[in-house]
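Shown next: model_26.txt, containing compact mmCIF, C-alpha atoms.
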# COMPACT_ATOMS: atom_id res chain seq x y z
CA MET A 6 -0.57 -23.67 -8.22
CA GLY A 7 0.47 -25.74 -11.20
CA ASP A 8 3.46 -26.31 -13.41
CA THR A 9 1.55 -26.72 -16.66
CA THR A 10 1.18 -24.16 -19.40
CA LEU A 11 -2.33 -23.09 -20.32
CA THR A 12 -2.82 -23.68 -24.04
CA ILE A 13 -5.30 -21.90 -26.28
CA GLU A 14 -7.37 -25.07 -26.26
CA ASP A 15 -7.35 -25.04 -22.44
CA PHE A 16 -8.37 -21.38 -22.53
CA TYR A 17 -11.54 -22.16 -24.50
CA LYS A 18 -12.41 -25.19 -22.38
CA GLN A 19 -11.99 -23.11 -19.23
CA LYS A 20 -14.14 -20.25 -20.45
CA PHE A 21 -16.67 -21.85 -22.77
CA GLU A 22 -16.31 -25.60 -22.16
CA ALA A 23 -15.60 -26.10 -25.87
CA VAL A 24 -13.08 -25.06 -28.50
CA PRO A 25 -14.12 -23.16 -31.64
CA GLU A 26 -15.23 -25.24 -34.59
CA GLY A 27 -12.33 -25.99 -36.90
CA PHE A 28 -9.71 -25.14 -34.25
CA SER A 29 -6.23 -26.45 -35.11
CA TRP A 30 -3.09 -26.54 -32.97
CA ASP A 31 -0.89 -26.00 -36.00
CA GLU A 32 -2.44 -22.79 -37.33
CA ALA A 33 -2.17 -19.13 -36.46
CA HIS A 34 -4.89 -18.10 -34.03
CA PHE A 35 -6.56 -14.84 -32.97
CA ASN A 36 -9.68 -13.96 -31.01
CA ILE A 37 -11.10 -11.00 -29.11
CA PHE A 38 -13.50 -10.70 -26.16
CA ARG A 39 -15.32 -8.04 -24.20
CA MET A 40 -14.67 -8.47 -20.48
CA ASP A 41 -18.30 -7.96 -19.45
CA GLU A 42 -19.23 -10.86 -21.76
CA ASP A 43 -16.45 -13.17 -20.51
CA PRO A 44 -17.75 -15.76 -18.01
CA VAL A 45 -14.38 -16.06 -16.27
CA GLU A 46 -13.65 -12.33 -16.01
CA LYS A 47 -17.08 -11.79 -14.41
CA LYS A 48 -16.45 -14.24 -11.57
CA LYS A 49 -15.98 -12.79 -8.09
CA GLY A 50 -12.68 -13.14 -6.25
CA PRO A 51 -9.20 -13.95 -7.54
CA VAL A 52 -8.77 -15.77 -10.82
CA ARG A 53 -5.52 -17.72 -10.89
CA TYR A 54 -3.70 -18.22 -14.16
CA THR A 55 -0.60 -20.22 -15.02
CA ARG A 56 1.93 -19.68 -17.77
CA LYS A 57 0.42 -19.64 -21.24
CA ASP A 58 1.36 -20.43 -24.81
CA PHE A 59 -0.27 -17.29 -26.25
CA TYR A 60 -0.05 -13.51 -26.07
CA LYS A 61 -2.76 -11.26 -24.65
CA ILE A 62 -3.37 -7.51 -24.93
CA ALA A 63 -6.06 -5.90 -22.77
CA LEU A 64 -7.68 -2.50 -22.40
CA VAL A 65 -8.95 -2.49 -18.80
CA ARG A 66 -11.23 0.19 -17.39
CA GLY A 67 -11.73 0.87 -13.69
CA LYS A 68 -9.95 -0.42 -10.61
CA CYS A 69 -7.84 -3.50 -11.05
CA VAL A 70 -5.27 -5.32 -8.93
CA PHE A 71 -3.21 -8.08 -10.46
CA HIS A 72 0.04 -9.93 -9.86
CA TYR A 73 2.39 -10.33 -12.83
CA ALA A 74 5.28 -12.70 -12.06
CA GLU A 75 6.41 -11.48 -8.62
CA LYS A 76 5.10 -7.91 -9.05
CA ARG A 77 1.81 -6.47 -7.80
CA PHE A 78 0.07 -3.70 -9.75
CA GLU A 79 -2.75 -1.51 -8.47
CA LEU A 80 -4.47 0.21 -11.39
CA ASP A 81 -7.23 2.78 -11.45
CA GLY A 82 -8.51 4.28 -14.67
CA ASP A 83 -7.93 3.13 -18.23
CA THR A 84 -4.90 0.88 -18.66
CA LEU A 85 -3.35 -0.94 -21.62
CA ILE A 86 -1.76 -4.21 -20.47
CA PHE A 87 0.48 -6.64 -22.36
CA PHE A 88 0.79 -10.26 -21.23
CA ASN A 89 3.82 -12.29 -22.26
CA PRO A 90 3.44 -16.07 -22.74
CA LEU A 91 4.92 -18.10 -19.88
CA VAL A 92 4.88 -15.19 -17.40
CA PRO A 93 2.19 -16.13 -14.85
CA TYR A 94 -0.32 -13.63 -13.52
CA ILE A 95 -3.26 -13.56 -11.12
CA TRP A 96 -6.23 -11.19 -11.09
CA GLU A 97 -6.81 -10.20 -7.48
CA SER A 98 -9.76 -7.95 -8.25
CA LEU A 99 -11.44 -6.45 -11.27
CA HIS A 100 -14.22 -4.30 -9.85
CA SER A 101 -15.70 -2.88 -13.02
CA GLY A 102 -15.25 -5.84 -15.36
CA LYS A 103 -15.15 -3.34 -18.22
CA GLY A 104 -12.77 -3.54 -21.11
CA VAL A 105 -11.70 -5.71 -23.99
CA PHE A 106 -8.84 -8.11 -24.67
CA CYS A 107 -7.47 -10.11 -27.57
CA ILE A 108 -5.41 -13.29 -27.60
CA PHE A 109 -3.12 -14.61 -30.34
CA ASN A 110 -0.25 -17.04 -30.72
CA ALA A 111 3.23 -16.34 -32.08
CA SER A 112 2.30 -17.99 -35.40
CA PHE A 113 -0.22 -15.24 -35.99
CA PHE A 114 2.71 -12.86 -36.54
CA THR A 115 5.07 -15.14 -38.46
CA ASP A 116 7.00 -13.02 -40.99
CA ASN A 117 4.90 -9.96 -40.15
CA LEU A 118 7.27 -8.17 -37.77
CA HIS A 119 10.86 -6.98 -38.19
CA THR A 120 11.64 -8.29 -34.68
CA SER A 121 10.39 -11.05 -32.42
CA LEU A 122 7.34 -10.24 -30.32
CA ARG A 123 9.22 -11.52 -27.30
CA ASP A 124 11.93 -8.88 -27.84
CA LEU A 125 9.53 -5.92 -27.77
CA PRO A 126 9.82 -3.92 -24.50
CA MET A 127 6.23 -4.52 -23.40
CA PHE A 128 6.71 -8.29 -23.61
CA VAL A 129 10.20 -8.51 -22.04
CA PRO A 130 10.07 -10.21 -18.61
CA GLY A 131 10.98 -7.74 -15.88
CA ASN A 132 9.61 -4.71 -17.71
CA ASN A 133 6.42 -2.95 -16.66
CA PRO A 134 3.61 -4.37 -18.85
CA THR A 135 1.09 -1.63 -17.96
CA TYR A 136 0.45 1.71 -19.68
CA ALA A 137 -1.86 4.24 -18.02
CA LEU A 138 -3.96 6.05 -20.64
CA ASP A 139 -5.63 9.44 -20.62
CA ASP A 140 -9.09 9.85 -22.15
CA THR A 141 -7.78 10.65 -25.64
CA GLN A 142 -5.35 7.73 -25.64
CA SER A 143 -7.98 5.33 -24.30
CA THR A 144 -10.41 6.35 -27.03
CA GLU A 145 -7.77 5.73 -29.69
CA ILE A 146 -6.94 2.26 -28.34
CA GLU A 147 -10.64 1.40 -27.99
CA ARG A 148 -11.16 2.38 -31.64
CA LEU A 149 -8.49 -0.13 -32.71
CA PHE A 150 -10.06 -2.92 -30.64
CA GLU A 151 -13.48 -2.13 -32.10
CA LYS A 152 -12.03 -2.36 -35.60
CA MET A 153 -10.66 -5.79 -34.73
CA ILE A 154 -14.08 -6.90 -33.46
CA SER A 155 -15.79 -5.60 -36.59
CA ASN A 156 -13.34 -7.25 -38.98
CA LEU A 157 -13.28 -10.56 -37.14
CA SER A 158 -17.03 -10.96 -37.66
CA SER A 159 -16.83 -9.94 -41.32
CA THR A 160 -16.45 -12.16 -44.39
CA TYR A 161 -13.60 -10.09 -45.80
CA ARG A 162 -10.96 -12.51 -47.14
CA LEU A 163 -7.97 -10.54 -45.84
CA LYS A 164 -9.49 -9.60 -42.48
CA TYR A 165 -6.63 -11.16 -40.47
CA ASP A 166 -4.10 -9.00 -42.32
CA LEU A 167 -6.09 -5.96 -41.18
CA ILE A 168 -6.27 -7.27 -37.61
CA ARG A 169 -2.51 -7.79 -37.55
CA ASN A 170 -2.09 -4.18 -38.66
CA TYR A 171 -4.33 -2.98 -35.82
CA ILE A 172 -2.30 -4.98 -33.27
CA ILE A 173 0.93 -3.57 -34.71
CA GLU A 174 -0.56 -0.08 -34.40
CA ILE A 175 -1.27 -0.76 -30.71
CA LEU A 176 2.31 -2.01 -30.25
CA HIS A 177 3.71 1.15 -31.85
CA PHE A 178 1.36 3.28 -29.76
CA ALA A 179 2.83 1.73 -26.61
CA LEU A 180 6.41 1.96 -27.89
CA LYS A 181 5.95 5.70 -28.37
CA LEU A 182 5.04 5.93 -24.69
CA GLN A 183 8.40 4.38 -23.76
CA PRO A 184 11.26 6.72 -22.77
CA SER A 185 13.02 7.70 -25.98
CA GLU A 186 16.40 6.36 -24.82
CA SER A 187 14.99 2.83 -24.74
CA LEU A 188 14.12 2.94 -28.43
CA TYR A 189 17.46 3.92 -29.93
CA GLN A 190 20.94 2.49 -30.12
CA HIS A 191 23.20 3.30 -27.21
CA SER A 192 25.71 6.09 -27.75
CA ASN A 193 28.76 4.60 -26.03
CA ALA A 194 30.52 1.28 -25.62
CA ASN A 195 29.67 0.85 -21.94
CA ALA A 196 25.95 1.33 -22.59
CA ARG A 197 26.13 -1.13 -25.47
CA ILE A 198 27.85 -3.78 -23.32
CA THR A 199 25.24 -3.23 -20.61
CA SER A 200 22.43 -3.61 -23.13
CA LEU A 201 23.92 -6.85 -24.46
CA PHE A 202 24.40 -8.16 -20.93
CA ILE A 203 20.81 -7.41 -19.91
CA ASP A 204 19.47 -8.96 -23.12
CA MET A 205 21.56 -12.10 -22.54
CA LEU A 206 20.40 -12.26 -18.92
CA GLU A 207 16.70 -11.92 -19.82
CA ARG A 208 16.86 -14.52 -22.60
CA GLN A 209 17.44 -17.20 -19.97
CA PHE A 210 13.96 -16.60 -18.58
CA PRO A 211 11.32 -17.68 -17.90
CA ILE A 212 12.24 -21.14 -16.64
CA GLU A 213 9.70 -23.46 -18.27
CA THR A 214 10.47 -26.96 -16.96
CA PRO A 215 12.20 -28.47 -13.90
CA ASP A 216 14.81 -29.93 -16.26
CA GLN A 217 15.90 -26.52 -17.52
CA GLN A 218 18.91 -24.93 -15.81
CA LEU A 219 20.46 -21.48 -16.07
CA ALA A 220 23.63 -21.60 -18.16
CA LEU A 221 24.91 -18.14 -17.12
CA ARG A 222 25.06 -17.47 -13.38
CA SER A 223 28.16 -15.37 -12.71
CA PRO A 224 29.72 -12.19 -14.13
CA GLY A 225 32.52 -14.40 -15.49
CA ASP A 226 30.01 -16.53 -17.42
CA PHE A 227 28.61 -13.45 -19.13
CA ALA A 228 32.04 -11.95 -19.79
CA VAL A 229 33.11 -15.09 -21.67
CA ARG A 230 29.99 -14.98 -23.85
CA LEU A 231 30.45 -11.24 -24.50
CA SER A 232 34.17 -11.70 -25.27
CA VAL A 233 35.25 -9.05 -22.75
CA HIS A 234 37.31 -9.22 -19.58
CA VAL A 235 35.14 -9.57 -16.50
CA ASN A 236 36.63 -6.37 -15.01
CA HIS A 237 35.65 -4.50 -18.17
CA LEU A 238 32.11 -5.85 -17.93
CA ASN A 239 31.86 -4.89 -14.25
CA ARG A 240 33.07 -1.33 -14.93
CA ALA A 241 30.62 -0.90 -17.82
CA ILE A 242 27.68 -2.17 -15.75
CA ARG A 243 28.61 0.02 -12.78
CA GLU A 244 29.02 3.16 -14.91
CA THR A 245 25.76 2.62 -16.81
CA THR A 246 23.43 1.37 -14.08
CA GLY A 247 25.08 2.28 -10.79
CA LYS A 248 24.81 -1.38 -9.78
CA THR A 249 27.22 -4.30 -9.82
CA THR A 250 26.95 -7.13 -12.34
CA SER A 251 26.40 -9.58 -9.50
CA SER A 252 23.53 -7.55 -8.03
CA LEU A 253 21.71 -7.39 -11.38
CA ILE A 254 22.05 -11.16 -11.81
CA ALA A 255 20.87 -11.71 -8.24
CA GLU A 256 17.84 -9.43 -8.70
CA ARG A 257 16.73 -11.33 -11.80
CA VAL A 258 17.31 -14.76 -10.27
CA THR A 259 15.38 -13.68 -7.17
CA ALA A 260 12.47 -12.47 -9.30
CA GLU A 261 12.31 -15.81 -11.13
CA ALA A 262 12.60 -17.72 -7.86
CA LYS A 263 9.60 -15.82 -6.49
CA ALA A 264 7.58 -16.55 -9.62
CA LEU A 265 8.41 -20.25 -9.53
CA LEU A 266 7.60 -20.54 -5.83
CA LYS A 267 4.24 -18.82 -6.28
CA HIS A 268 3.13 -20.18 -9.63
CA THR A 269 4.40 -23.77 -9.84
CA ASN A 270 4.11 -26.85 -7.67
CA TRP A 271 7.74 -27.82 -8.27
CA ASN A 272 9.50 -28.77 -5.05
CA ILE A 273 12.12 -26.39 -3.72
CA SER A 274 15.02 -28.64 -4.67
CA GLU A 275 13.81 -28.60 -8.30
CA ILE A 276 13.59 -24.80 -8.26
CA SER A 277 17.04 -24.64 -6.70
CA TYR A 278 18.41 -26.81 -9.52
CA THR A 279 16.80 -24.81 -12.33
CA LEU A 280 18.30 -21.59 -10.96
CA GLY A 281 21.80 -23.05 -10.97
CA PHE A 282 22.38 -23.82 -7.28
CA GLU A 283 24.35 -27.01 -6.65
CA GLU A 284 22.97 -27.40 -3.13
CA MET A 285 19.50 -26.52 -1.87
CA ALA A 286 21.14 -24.94 1.19
CA HIS A 287 22.92 -22.48 -1.12
CA PHE A 288 19.57 -21.51 -2.66
CA ASP A 289 18.02 -21.15 0.80
CA ASN A 290 20.84 -18.82 1.91
CA PHE A 291 20.65 -16.82 -1.34
CA PHE A 292 16.87 -16.38 -1.11
CA ARG A 293 17.01 -15.44 2.57
CA LYS A 294 19.72 -12.84 1.84
CA HIS A 295 17.70 -11.15 -0.91
CA THR A 296 14.18 -11.42 0.51
CA ALA A 297 14.59 -11.82 4.29
CA SER A 298 12.48 -14.97 3.97
CA THR A 299 13.07 -18.64 3.33
CA PRO A 300 11.75 -20.17 0.08
CA SER A 301 9.26 -22.33 1.98
CA ALA A 302 7.95 -19.38 4.03
CA TYR A 303 7.60 -17.20 0.92
CA ARG A 304 5.64 -19.93 -0.89
CA VAL A 305 2.85 -19.93 1.72
CA LEU A 306 2.54 -16.13 2.07
Spell out the structure here as structure tokens.
Amino acid sequence: MGDTTLTIEDFYKQKFEAVPEGFSWDEAHFNIFRMDEDPVEKKKGPVRYTRKDFYKIALVRGKCVFHYAEKRFELDGDTLIFFNPLVPYIWESLHSGKGVFCIFNASFFTDNLHTSLRDLPMFVPGNNPTYALDDTQSTEIERLFEKMISNLSSTYRLKYDLIRNYIIEILHFALKLQPSESLYQHSNANARITSLFIDMLERQFPIETPDQQLALRSPGDFAVRLSVHVNHLNRAIRETTGKTTSSLIAERVTAEAKALLKHTNWNISEISYTLGFEEMAHFDNFFRKHTASTPSAYRVL
């Protein structure tokens, strides 16, 4: 485990023991790799990753098991996967080693999207980042990756503009696979309040440093920010989701606690602090209530 973020420079040193010629921290960056040509992806056994400072999109073929934050995914077939910076993941197995993936930093899309990449559903922490594809869909996605590979090796002056368009096409392809209600404005006030609450909750994550602390921890905190009475917020959340405001907050805090315990070497008191608990005993009781395990026992599982 480690509490550092893997940079693009670290990525190249890890995989190829050198960074590309002319690499610059301050510039937009993009690259693409076939998995059967990637020296790290071909290694046997688990490959452990930390949080990163770049995005990744992968088309994976065959059986694959990986852990994304606190979730475990078992995949079989062709799958499109989106990896959000700062959300840790671990490959448990990748039997076939077939597929392709691209990496890029946020600067690569500066002024090229109408919304932030981080706000797109496939990159929002807590959402499912995997999309199972049928043969036709897989062929279409593979065609876009192959176009990126072809253009990247070309001398065409505007090749990166084309590559951005291919990535945007993949993003729209995935968005069309989302349930339609997640793509449109909500039709009533309660649904709108719930959407704003969930967005405000998610924007507090992921926790990046031991010095960071959650600002919003209670239904009352969120109600003040949303300029509504806390009873109004609670009714809206209950009507829209069937859950209480407190339970939704607790679920998200528990998920982040699991990720921090598994993917950082911060001590438990530091994790307790970042999640807004004044006393480590309060964090221990909270975690035990929601997981039936202590933080220290969960860390060594």
Discussion item. Would you compute the distance between atom CA of Arg240 of chain A and atom CA of Val258 of chain A? Give it in Å to one decimal.
Written reply: 21.2 Å
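Across the model, the gap from atom CA of Glu283 of chain A to atom CA of Asp204 of chain A is 24.9 Å.
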Polymer residues at most 12 Å from (-11.7, 0.5, -34.2) by only C-alpha atoms, as a CSV table (one decimal) with C-alpha atoms, keeping the file's coordinate frame:
chain,number,residue,atom,x,y,z
A,105,VAL,CA,-11.7,-5.7,-24.0
A,143,SER,CA,-8.0,5.3,-24.3
A,144,THR,CA,-10.4,6.4,-27.0
A,145,GLU,CA,-7.8,5.7,-29.7
A,146,ILE,CA,-6.9,2.3,-28.3
A,147,GLU,CA,-10.6,1.4,-28.0
A,148,ARG,CA,-11.2,2.4,-31.6
A,149,LEU,CA,-8.5,-0.1,-32.7
A,150,PHE,CA,-10.1,-2.9,-30.6
A,151,GLU,CA,-13.5,-2.1,-32.1
A,152,LYS,CA,-12.0,-2.4,-35.6
A,153,MET,CA,-10.7,-5.8,-34.7
A,154,ILE,CA,-14.1,-6.9,-33.5
A,155,SER,CA,-15.8,-5.6,-36.6
A,156,ASN,CA,-13.3,-7.2,-39.0
A,157,LEU,CA,-13.3,-10.6,-37.1
A,167,LEU,CA,-6.1,-6.0,-41.2
A,168,ILE,CA,-6.3,-7.3,-37.6
A,170,ASN,CA,-2.1,-4.2,-38.7
A,171,TYR,CA,-4.3,-3.0,-35.8
A,172,ILE,CA,-2.3,-5.0,-33.3
A,174,GLU,CA,-0.6,-0.1,-34.4
A,175,ILE,CA,-1.3,-0.8,-30.7
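Atom CA of Leu265 of chain A is positioned 15.7 Å from atom CA of Asn89 of chain A.
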Item to complete: Mind listing whatever residues come within 9 Å of the point (-2.9, -7.0, -15.9)? Use all atoms listed in the file, file coordinates, and give them as a list in words.
Response: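 Returned residue set, sorted by chain then number, is Ala63, Val65, Cys69, Val70, Phe71, His72, Tyr73, Phe78, Leu80, Thr84, Leu85, Ile86, Phe87, Phe88, Tyr94, Ile95, Trp96, Pro134 and Thr135 of chain A.
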Practice prompt. Would you mind telling me which residue in A:Ile108, A:Met127, A:Leu180, A:Ala228 lies nearest to Phe59 of chain A when using only C-alpha atoms?
Written response: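 When distances to Phe59 of chain A are compared using only C-alpha atoms, the smallest one comes from A:Ile108.
Excluding Lys263 of chain A and any residue on its chain fewer than 6 positions from it, the residues at most 12 Å away by all atoms listed in the file are His72, Tyr73, Ala74, Glu75, Lys76, Val92, Pro93, Pro211, Ile212, Glu256, Arg257, Thr269, Ile273, Ile276, Ser277, Leu280, Phe292, Arg293, His295, Thr296, Ser298, Thr299, Pro300, Ser301, Ala302, Tyr303, Arg304, Val305 and Leu306 of chain A.
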Worksheet item: For Pro25 of chain A, which residue among A:Thr214, A:Ser274, A:Phe106, A:Ile13 is the nearest when counting all atoms listed in the file?
Response: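 Closest to Pro25 of chain A of all the choices is A:Ile13.
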Discussion item. Which residue is closest to Asn239 of chain A? Choose from A:Glu207, A:Gln142, A:Ile198, A:Asp166 and count only C-alpha atoms.
Written reply: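 So, comparing all the options, the nearest one is A:Ile198.
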Fill in: Proximity to Gly67 of chain A - best of A:Asp289, A:Asp139, A:Asp81, A:Glu14, all atoms listed in the file
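Checking each candidate against Gly67 of chain A, we get A:Asp81 as the closest.
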Worksheet entry | Who sits within 9 Å of Phe113 of chain A, only C-alpha atoms, same chain under 4 positions skipped, as a list in words |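 The neighbour list is Glu32, Ala33, His34, Phe35, Phe109, Asn117, Tyr165 and Arg169 of chain A.
Distance check against Asn195 of chain A using only C-alpha atoms: of A:Ala23, A:Ile242, A:Leu163, A:Leu122, the minimum falls on A:Ile242.
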My structure is short of atoms at segment 150-170 of chain A; please model N, CA and C atoms there, returning them as an mmCIF file, in the frame of the given file.
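Final file, selection_25.cif:
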data_model
loop_
_atom_site.group_PDB
_atom_site.id
_atom_site.type_symbol
_atom_site.label_atom_id
_atom_site.label_comp_id
_atom_site.auth_asym_id
_atom_site.auth_seq_id
_atom_site.Cartn_x
_atom_site.Cartn_y
_atom_site.Cartn_z
ATOM 1 N N PHE A 150 -9.420 -1.660 -31.056
ATOM 2 C CA PHE A 150 -10.060 -2.920 -30.640
ATOM 3 C C PHE A 150 -11.406 -3.099 -31.333
ATOM 4 N N GLU A 151 -12.173 -2.024 -31.445
ATOM 5 C CA GLU A 151 -13.480 -2.130 -32.100
ATOM 6 C C GLU A 151 -13.321 -2.493 -33.567
ATOM 7 N N LYS A 152 -12.293 -1.990 -34.210
ATOM 8 C CA LYS A 152 -12.030 -2.360 -35.600
ATOM 9 C C LYS A 152 -11.709 -3.853 -35.706
ATOM 10 N N MET A 153 -10.964 -4.363 -34.731
ATOM 11 C CA MET A 153 -10.660 -5.790 -34.730
ATOM 12 C C MET A 153 -11.941 -6.616 -34.583
ATOM 13 N N ILE A 154 -12.817 -6.193 -33.670
ATOM 14 C CA ILE A 154 -14.080 -6.900 -33.460
ATOM 15 C C ILE A 154 -14.912 -6.894 -34.726
ATOM 16 N N SER A 155 -14.993 -5.731 -35.376
ATOM 17 C CA SER A 155 -15.790 -5.600 -36.590
ATOM 18 C C SER A 155 -15.248 -6.478 -37.709
ATOM 19 N N ASN A 156 -13.936 -6.465 -37.891
ATOM 20 C CA ASN A 156 -13.340 -7.250 -38.980
ATOM 21 C C ASN A 156 -13.407 -8.744 -38.711
ATOM 22 N N LEU A 157 -13.261 -9.133 -37.447
ATOM 23 C CA LEU A 157 -13.280 -10.560 -37.140
ATOM 24 C C LEU A 157 -14.627 -11.186 -37.503
ATOM 25 N N SER A 158 -15.694 -10.433 -37.353
ATOM 26 C CA SER A 158 -17.030 -10.960 -37.660
ATOM 27 C C SER A 158 -17.410 -10.788 -39.130
ATOM 28 N N SER A 159 -16.524 -10.169 -39.911
ATOM 29 C CA SER A 159 -16.830 -9.940 -41.320
ATOM 30 C C SER A 159 -16.439 -11.140 -42.178
ATOM 31 N N THR A 160 -16.815 -11.101 -43.437
ATOM 32 C CA THR A 160 -16.450 -12.160 -44.390
ATOM 33 C C THR A 160 -15.307 -11.739 -45.299
ATOM 34 N N TYR A 161 -14.690 -10.606 -44.990
ATOM 35 C CA TYR A 161 -13.600 -10.090 -45.800
ATOM 36 C C TYR A 161 -12.442 -11.093 -45.816
ATOM 37 N N ARG A 162 -11.947 -11.442 -46.979
ATOM 38 C CA ARG A 162 -10.960 -12.510 -47.140
ATOM 39 C C ARG A 162 -9.638 -12.194 -46.453
ATOM 40 N N LEU A 163 -9.262 -10.929 -46.418
ATOM 41 C CA LEU A 163 -7.970 -10.540 -45.840
ATOM 42 C C LEU A 163 -8.132 -9.886 -44.467
ATOM 43 N N LYS A 164 -9.202 -10.273 -43.751
ATOM 44 C CA LYS A 164 -9.490 -9.600 -42.480
ATOM 45 C C LYS A 164 -8.361 -9.796 -41.450
ATOM 46 N N TYR A 165 -7.689 -10.938 -41.468
ATOM 47 C CA TYR A 165 -6.630 -11.160 -40.470
ATOM 48 C C TYR A 165 -5.402 -10.288 -40.744
ATOM 49 N N ASP A 166 -5.176 -9.941 -42.018
ATOM 50 C CA ASP A 166 -4.100 -9.000 -42.320
ATOM 51 C C ASP A 166 -4.415 -7.635 -41.704
ATOM 52 N N LEU A 167 -5.680 -7.220 -41.809
ATOM 53 C CA LEU A 167 -6.090 -5.960 -41.180
ATOM 54 C C LEU A 167 -5.932 -6.022 -39.668
ATOM 55 N N ILE A 168 -6.358 -7.127 -39.066
ATOM 56 C CA ILE A 168 -6.270 -7.270 -37.610
ATOM 57 C C ILE A 168 -4.817 -7.212 -37.158
ATOM 58 N N ARG A 169 -3.929 -7.873 -37.903
ATOM 59 C CA ARG A 169 -2.510 -7.790 -37.550
ATOM 60 C C ARG A 169 -2.035 -6.345 -37.579
ATOM 61 N N ASN A 170 -2.483 -5.594 -38.574
ATOM 62 C CA ASN A 170 -2.090 -4.180 -38.660
ATOM 63 C C ASN A 170 -2.585 -3.389 -37.468
#
